[in-house]
Amino acid sequence: MALIVNRPKLSLAERCYLPAIFSGLVITWNHLKRAIFNKGIVTMQYPEQKWDANLPDWYRGAPTLVADEHGKDRCVACQLCEFICPPRAITIKPMEIPSEDKWKKVEKRPDEFDIDMARCIYCGLCEEVCPEQAIFLRKDYSITGLSRADMVHDKKTLYKLGGVRTGLVFKWNELK
Amino acid sequence: MDTALILNFLNTPWVFLIWTTFLKSFILLNLVLGLVSVTVFAERRVSAFIQDRVGPNRVGIPMTLLGGKKDIFLWGLGQMIVDPLKLLLKENFQPASVNGFYYWLAPKLVMIPPVLVLAVLPFGSSLFGVQMTIADLNVAVLYIFAISSLSVYGITLAGWASNSKFPFLGGIRSTSQMISYELSMGLSVVPVFMICGSLNLNKIVDWQVENGWLVAPFWPKGFSVDLLIHHPSAILSTFQAGLSLQRGLLWIPLLISFVVFLVSIFAETNRLPFDLPEAEQELVGGYHTEYASMNFALFFLGEYAAMLAGSGAIVSLFLGGWSCPFIPDGSQGWIWGLVNILVFFGKISALLLFFIWIRWTLPRFRYDQLMKLGWLGFFPIALANIFITALILAYIKH
């Protein structure tokens with residue numbers, strides 16, 4: 001089936017462009033006028049204005065370690081996150097909790113826990129795989145540093161970013 | 001050597017001519033190149049505002065880099081310095097397959113003609129008795145046409161020497177576009193000469209000072225500041241006496257000339273809606289695709305300098321040059337001479353703003369529409385316009 005494109009018959013005013021150009025100029029002038037007085041501008045000026053309040057609940061930001069309500073590590077250094085991490089950003093050095101320790105039953109804790117944020121792809125697999133719910137993706141997205149070493153988050157930074165989470169995992173409870 | 005002898009030497013006519021010319025050239029060139037970088041900034045800022053964006057509003061003077069406590073915030077005005085600086089510091093890369101000699105020659109050929117055009121523009125009346133035109137040529141307008149048509153060589157050479165298909169297409173487009181529009185541009189100013197009786201831009205401006213701007217004949221002959229201050233009762237009668245049917249009728253062909261000339265200047269300077277030589281969507285970057293660093297910057301500066309020179313020509317030919325109603329010329333004191341220069345640059349700035357405004361309003365023409373407009377629209381109109389003017393001048397004497 002042939003498609004027939006109808007060419008509308010243009011009036012003289014339309015053919016000599018000038019009225020259309022003039023009305024176009026009026027439109028852009030109004031935009032210019034409004035924008036000069038800072039109205040109608042859609043740009044968000046990032047470091048001063050942020051979209052943080054509107055981030056969705058499922059937003060995947062920087063992975064962090066969380067402490068439980070007693071201020072103890074949730075992580076038991078099982079290294080599942082280290083093995084699942086697609087870009088191999090996580091490095092864990094586990095440490096055995098000595099037998100004379102009160103918390104011997106917990107068995108393992110991380111001695112060092114590094115996440116290289118220059119490699120992290122924010123996929124969230126570490127959070128998904130963690131049996132102790134110790135690693136969570138928070139809403140921090142602006143991770144910067146002046147060197148590669150700066151970009152590696154160590155245990156201290158990870159706990160600082162992560163904060164405290166209360167919830168289901170109770171391994172640090174004496175009764176359980 | 002005592003100072004009297006030196007002053008005497010500087011005042012001998014030919015020495016005086018030489019050093020004032022050098023001084024005027026130096027000042028005008030710096031003023032214009034400064035204005036070019038302001039225009040580039042204005043273009044970015046105005047385009048942003050028209051599109052409801054913010055535009056470059058951050059760059060100030062980075063005092064913290066120099067050991068200061070706080071950066072100086074300038075509403076983004078630092079961008080004017082930073083943009084050219086970036087282009088200066090980039091590597092001037094030459095692709096392996098280009099024709100070296102012409103590749104390096106082309107950017108200079110684009111930059112030089114607009115700067116040469118500045119020589120004949122009357123950018124002010126007079127300052128301390130020195131005429132504010134670098135070269136008071138009798139054939140100034142012809143000179144402008146002759147010189148500005150040379151800039152097409154730079155673009156064509158750039159397209160050809162780059163040895164790449166997109167720049168080549170851009171160069172070819174530019175050639176045919178400029179040749180087509182040069183014709184209607186040349187014809188559109190013929191009525192101006194017929195009315196003013198001179199090709200000298202200074203004479204044309206003087207005529208407009210006396211008889212009102214060519215596009216706005218509301219300044220009848222005999223009107224002056226003196227009349228307004230000392231003989232207020234005579235204002236109305238002088239106004240009526242100064243108005244004539246001939247002048248009123250001539251307004252029609254002059255407006256047509258003005259529109260044709262303005263649009264042709266748009267086409268000559270490759271500005272939107274006539275920027276087919278560098279249509280990004282079709283030709284990558286057009287004729288300057290293969291250029292980088294300062295070579296690219298010369299094309300960029302050349303385009304804006306051409307805009308400026310073109311605006312200068314429009315202002316001198318149609319918008320009364322340095323004249324402004326109720327402001328006397330430089331013979332009444334140096335302060336008025338300065339005001340005249342400011343008026344000239346104010347008019348140029350307004351026109352540049354118009355160039356920018358048009359650019360962010362209109363989409364690009366299709367190539368056949370562009371050619372059709374030039375050859376079937378403007379060329380016959382400009383030609384008929386000459387005859388209309390001639391008829392009015394011949395048959396209506398009052």
# chains A, B, ... in the order shown; residues from 1 in each chain; ligands from 1
$ interface_residues --of "chain B" --to "chain A" --cutoff "7 Å" --atoms "only C-alpha atoms" --output "list in words"
Phe49, Ile50, Asp52, Arg53, Val54 and Thr361 of chain B
$ write_last_selection --atoms "all heavy atoms" --output "short mmCIF file (atom, residue, chain, number, x, y, z; two decimals), in the first residue's frame"
data_model
loop_
_atom_site.label_atom_id
_atom_site.label_comp_id
_atom_site.auth_asym_id
_atom_site.auth_seq_id
_atom_site.Cartn_x
_atom_site.Cartn_y
_atom_site.Cartn_z
N PHE B 49 19.96 29.86 28.97
CA PHE B 49 18.74 30.48 29.48
C PHE B 49 17.56 30.18 28.57
O PHE B 49 16.45 29.90 29.05
CB PHE B 49 18.93 31.99 29.60
CG PHE B 49 19.72 32.39 30.80
CD1 PHE B 49 20.48 33.55 30.79
CD2 PHE B 49 19.71 31.63 31.95
CE1 PHE B 49 21.21 33.93 31.90
CE2 PHE B 49 20.43 32.00 33.07
CZ PHE B 49 21.19 33.15 33.04
N ILE B 50 17.80 30.23 27.26
CA ILE B 50 16.70 29.98 26.32
C ILE B 50 16.20 28.56 26.47
O ILE B 50 15.02 28.28 26.32
CB ILE B 50 17.17 30.30 24.88
CG1 ILE B 50 17.20 31.81 24.69
CG2 ILE B 50 16.26 29.65 23.85
CD1 ILE B 50 17.72 32.24 23.36
N ASP B 52 16.13 26.89 29.27
CA ASP B 52 15.80 26.68 30.68
C ASP B 52 16.91 25.97 31.45
O ASP B 52 16.66 25.20 32.36
CB ASP B 52 14.50 25.87 30.84
CG ASP B 52 13.31 26.69 30.38
OD1 ASP B 52 13.44 27.91 30.30
OD2 ASP B 52 12.26 26.10 30.10
N ARG B 53 18.16 26.21 31.03
CA ARG B 53 19.28 25.65 31.78
C ARG B 53 19.99 26.79 32.50
O ARG B 53 19.51 27.92 32.49
CB ARG B 53 20.27 24.97 30.82
CG ARG B 53 19.72 23.75 30.12
CD ARG B 53 20.79 23.10 29.27
NE ARG B 53 21.07 23.85 28.06
CZ ARG B 53 22.23 24.40 27.78
NH1 ARG B 53 23.23 24.31 28.63
NH2 ARG B 53 22.41 25.06 26.65
N VAL B 54 21.13 26.48 33.13
CA VAL B 54 21.85 27.52 33.86
C VAL B 54 23.05 28.02 33.07
O VAL B 54 23.34 29.21 33.05
CB VAL B 54 22.32 26.98 35.23
CG1 VAL B 54 23.02 28.06 35.99
CG2 VAL B 54 21.15 26.47 36.01
N THR B 361 16.78 29.79 18.25
CA THR B 361 15.36 29.75 17.96
C THR B 361 15.06 28.88 16.75
O THR B 361 14.13 28.09 16.77
CB THR B 361 14.84 31.17 17.70
OG1 THR B 361 15.11 31.97 18.83
CG2 THR B 361 13.36 31.17 17.43
#
$ residues_around --residues "Phe83 of chain A" --least-positions-apart "6" --cutoff "12 Å" --atoms "only C-alpha atoms" --output "number ranges by chain"
A: 77, 89-92, 125-126, 129-130
$ write_last_selection --atoms "C-alpha atoms" --output "PDB file, in the first residue's frame"
ATOM      1  CA  ALA A  77      34.293 -13.399  58.066  1.00  0.00           C
ATOM      2  CA  ALA A  89      36.560  -5.509  45.080  1.00  0.00           C
ATOM      3  CA  ILE A  90      36.310  -7.126  48.521  1.00  0.00           C
ATOM      4  CA  THR A  91      39.350  -8.428  50.412  1.00  0.00           C
ATOM      5  CA  ILE A  92      38.840 -10.018  53.844  1.00  0.00           C
ATOM      6  CA  LEU A 125      25.463  -9.278  45.359  1.00  0.00           C
ATOM      7  CA  CYS A 126      27.438  -8.978  48.631  1.00  0.00           C
ATOM      8  CA  VAL A 129      24.742 -13.338  49.735  1.00  0.00           C
ATOM      9  CA  CYS A 130      25.534 -12.334  53.346  1.00  0.00           C
TER      10      CYS A 130
END
$ atom_distance --atom1 "atom CA of Gly170 of chain B" --atom2 "atom CA of Phe300 of chain B"
15.1 Å
$ residues_around --residues "segment 102-112 of chain A" --least-positions-apart "5" --cutoff "9 Å" --atoms "only C-alpha atoms" --output "list in words"
Asp73, Arg74, Cys75, Val76, Ala77, Cys78, Thr91, Ile92, Lys93, Pro94, Met95, Glu96, Ile97, Asp154, Lys155, Lys171, Trp172 and Glu174 of chain A
$ write_last_selection --atoms "all heavy atoms" --output "compact mmCIF listing (two decimals), in the first residue's frame"
# COMPACT_ATOMS: atom_id res chain seq x y z
N ASP A 73 30.42 -6.52 65.76
CA ASP A 73 30.42 -6.86 64.32
C ASP A 73 29.33 -7.87 64.04
O ASP A 73 29.19 -8.86 64.78
CB ASP A 73 31.73 -7.55 63.92
CG ASP A 73 32.94 -6.70 64.20
OD1 ASP A 73 32.75 -5.53 64.55
OD2 ASP A 73 34.06 -7.22 64.05
N ARG A 74 28.63 -7.63 62.94
CA ARG A 74 27.75 -8.71 62.49
C ARG A 74 28.52 -9.71 61.64
O ARG A 74 28.19 -10.87 61.58
CB ARG A 74 26.61 -8.14 61.66
CG ARG A 74 25.45 -7.68 62.51
CD ARG A 74 24.29 -7.39 61.62
NE ARG A 74 23.09 -7.17 62.42
CZ ARG A 74 21.89 -7.06 61.91
NH1 ARG A 74 21.72 -7.14 60.60
NH2 ARG A 74 20.85 -6.88 62.67
N CYS A 75 29.54 -9.20 60.96
CA CYS A 75 30.30 -10.03 60.02
C CYS A 75 31.02 -11.15 60.77
O CYS A 75 31.63 -10.92 61.82
CB CYS A 75 31.31 -9.17 59.29
SG CYS A 75 32.32 -10.09 58.15
N VAL A 76 30.94 -12.39 60.22
CA VAL A 76 31.66 -13.51 60.81
C VAL A 76 32.81 -13.95 59.93
O VAL A 76 33.34 -15.05 60.10
CB VAL A 76 30.71 -14.70 61.06
CG1 VAL A 76 29.72 -14.35 62.15
CG2 VAL A 76 30.00 -15.12 59.79
N ALA A 77 33.18 -13.11 58.96
CA ALA A 77 34.29 -13.40 58.07
C ALA A 77 34.15 -14.72 57.34
O ALA A 77 35.08 -15.50 57.23
CB ALA A 77 35.62 -13.33 58.83
N CYS A 78 32.94 -15.01 56.86
CA CYS A 78 32.74 -16.24 56.10
C CYS A 78 33.27 -16.12 54.68
O CYS A 78 33.43 -17.12 53.99
CB CYS A 78 31.25 -16.60 56.07
SG CYS A 78 30.27 -15.45 55.09
N THR A 91 38.25 -7.61 49.89
CA THR A 91 39.35 -8.43 50.41
C THR A 91 39.14 -8.56 51.92
O THR A 91 39.05 -7.56 52.63
CB THR A 91 40.71 -7.75 50.18
OG1 THR A 91 40.68 -7.14 48.91
CG2 THR A 91 41.84 -8.75 50.28
N ILE A 92 39.07 -9.81 52.41
CA ILE A 92 38.84 -10.02 53.84
C ILE A 92 39.99 -10.84 54.42
O ILE A 92 40.44 -11.82 53.81
CB ILE A 92 37.52 -10.77 54.09
CG1 ILE A 92 36.35 -9.98 53.50
CG2 ILE A 92 37.30 -10.98 55.59
CD1 ILE A 92 35.07 -10.75 53.45
N LYS A 93 40.50 -10.37 55.56
CA LYS A 93 41.48 -11.19 56.28
C LYS A 93 40.78 -11.66 57.57
O LYS A 93 40.57 -10.86 58.48
CB LYS A 93 42.70 -10.36 56.60
CG LYS A 93 43.89 -11.16 57.04
CD LYS A 93 45.11 -10.25 57.16
CE LYS A 93 46.08 -10.89 58.14
NZ LYS A 93 46.96 -9.88 58.71
N PRO A 94 40.38 -12.93 57.62
CA PRO A 94 39.62 -13.39 58.78
C PRO A 94 40.52 -13.58 60.01
O PRO A 94 41.73 -13.74 59.88
CB PRO A 94 39.03 -14.72 58.33
CG PRO A 94 39.56 -15.00 56.99
CD PRO A 94 40.59 -14.00 56.64
N MET A 95 39.92 -13.59 61.16
CA MET A 95 40.67 -13.78 62.40
C MET A 95 39.84 -14.71 63.27
O MET A 95 38.62 -14.56 63.39
CB MET A 95 40.84 -12.43 63.08
CG MET A 95 41.60 -12.47 64.37
SD MET A 95 41.70 -10.80 65.03
CE MET A 95 40.20 -10.72 65.95
N GLU A 96 40.52 -15.67 63.87
CA GLU A 96 39.79 -16.58 64.74
C GLU A 96 39.66 -15.95 66.12
O GLU A 96 40.61 -15.35 66.62
CB GLU A 96 40.53 -17.91 64.84
CG GLU A 96 39.62 -19.03 65.24
CD GLU A 96 40.27 -20.38 65.00
OE1 GLU A 96 40.95 -20.53 63.97
OE2 GLU A 96 40.10 -21.26 65.84
N ILE A 97 38.50 -16.08 66.71
CA ILE A 97 38.33 -15.56 68.06
C ILE A 97 38.93 -16.58 69.03
O ILE A 97 38.55 -17.75 69.00
CB ILE A 97 36.84 -15.31 68.36
CG1 ILE A 97 36.33 -14.20 67.42
CG2 ILE A 97 36.64 -14.91 69.81
CD1 ILE A 97 34.88 -13.90 67.55
N ASP A 154 38.46 0.83 54.36
CA ASP A 154 38.84 -0.22 55.31
C ASP A 154 37.71 -0.45 56.31
O ASP A 154 36.64 0.16 56.22
CB ASP A 154 40.16 0.12 56.00
CG ASP A 154 40.07 1.42 56.76
OD1 ASP A 154 38.96 2.00 56.79
OD2 ASP A 154 41.09 1.88 57.31
N LYS A 155 37.98 -1.34 57.26
CA LYS A 155 36.93 -1.77 58.19
C LYS A 155 36.32 -0.58 58.94
O LYS A 155 35.09 -0.47 59.10
CB LYS A 155 37.53 -2.76 59.19
CG LYS A 155 36.54 -3.74 59.75
CD LYS A 155 37.27 -4.82 60.50
CE LYS A 155 36.88 -4.78 61.97
NZ LYS A 155 37.57 -5.83 62.74
N LYS A 171 23.50 -13.56 66.92
CA LYS A 171 24.58 -14.43 67.35
C LYS A 171 25.35 -13.89 68.55
O LYS A 171 25.96 -14.64 69.29
CB LYS A 171 25.54 -14.70 66.19
CG LYS A 171 26.36 -13.51 65.76
CD LYS A 171 27.36 -13.91 64.69
CE LYS A 171 28.32 -12.78 64.39
NZ LYS A 171 27.70 -11.63 63.76
N TRP A 172 25.32 -12.57 68.78
CA TRP A 172 26.07 -11.99 69.91
C TRP A 172 25.25 -12.05 71.20
O TRP A 172 25.70 -11.60 72.24
CB TRP A 172 26.46 -10.55 69.60
CG TRP A 172 27.46 -10.44 68.50
CD1 TRP A 172 27.20 -10.15 67.23
CD2 TRP A 172 28.87 -10.64 68.59
NE1 TRP A 172 28.34 -10.16 66.47
CE2 TRP A 172 29.40 -10.46 67.31
CE3 TRP A 172 29.75 -11.00 69.62
CZ2 TRP A 172 30.76 -10.59 67.02
CZ3 TRP A 172 31.09 -11.11 69.32
CH2 TRP A 172 31.59 -10.91 68.05
N GLU A 174 23.87 -13.83 74.41
CA GLU A 174 24.37 -14.94 75.22
C GLU A 174 23.40 -16.11 75.27
O GLU A 174 23.76 -17.25 75.43
CB GLU A 174 24.63 -14.46 76.66
CG GLU A 174 25.88 -13.66 76.77
CD GLU A 174 25.89 -12.80 78.02
OE1 GLU A 174 24.81 -12.43 78.49
OE2 GLU A 174 26.99 -12.50 78.49
$ residues_around --residues "Arg148 of chain A" --least-positions-apart "3" --cutoff "12 Å" --atoms "only C-alpha atoms" --output "list of chain:residue names"
A:Ile115, A:Asp116, A:Met117, A:Ala118, A:Arg119, A:Ile143, A:Thr144, A:Gly145, A:Met151, A:Val152, A:His153
$ write_last_selection --atoms "C-alpha atoms" --output "PDB file, in the first residue's frame"
ATOM      1  CA  ILE A 115      36.304  -2.789  49.765  1.00  0.00           C
ATOM      2  CA  ASP A 116      38.031  -1.157  46.817  1.00  0.00           C
ATOM      3  CA  MET A 117      35.501   1.457  45.736  1.00  0.00           C
ATOM      4  CA  ALA A 118      37.422   2.037  42.520  1.00  0.00           C
ATOM      5  CA  ARG A 119      36.416  -1.508  41.539  1.00  0.00           C
ATOM      6  CA  ILE A 143      32.742   8.231  46.899  1.00  0.00           C
ATOM      7  CA  THR A 144      35.846  10.221  46.010  1.00  0.00           C
ATOM      8  CA  GLY A 145      39.548  10.111  46.689  1.00  0.00           C
ATOM      9  CA  MET A 151      39.419   4.729  47.317  1.00  0.00           C
ATOM     10  CA  VAL A 152      39.840   1.598  49.434  1.00  0.00           C
ATOM     11  CA  HIS A 153      37.387   1.561  52.312  1.00  0.00           C
TER      12      HIS A 153
END
$ select_by_dssp --residues "segment 21-169 of chain A" --states "alpha helix (DSSP H)" --output "ChimeraX atom specification"
/A:21-36,80-84,125-129,155-162
$ residues_around --residues "segment 312-319 of chain B" --least-positions-apart "6" --cutoff "7 Å" --atoms "only C-alpha atoms" --output "list in words"
Leu121, Leu201, Ile204, Val205, Trp213, Leu214, Val215, Phe258, Lys347 and Ile348 of chain B
$ select_by_dssp --residues "chain A" --states "strand (DSSP E or B)" --output "list in words"
Pro63, Thr64, Leu65, Ala67, Asp73, Ile90, Thr91, Ile92, Lys93, Pro94, Met95, Glu96, Lys108, Arg109, Pro110, Asp111, Glu112, Phe113, Asp114, Ile115, Asp116, Ile135, Phe136, Leu137, Val152, His153 and Val164 of chain A
$ atom_distance --atom1 "atom CA of Val190 of chain B" --atom2 "atom CA of Ala384 of chain B"
11.1 Å
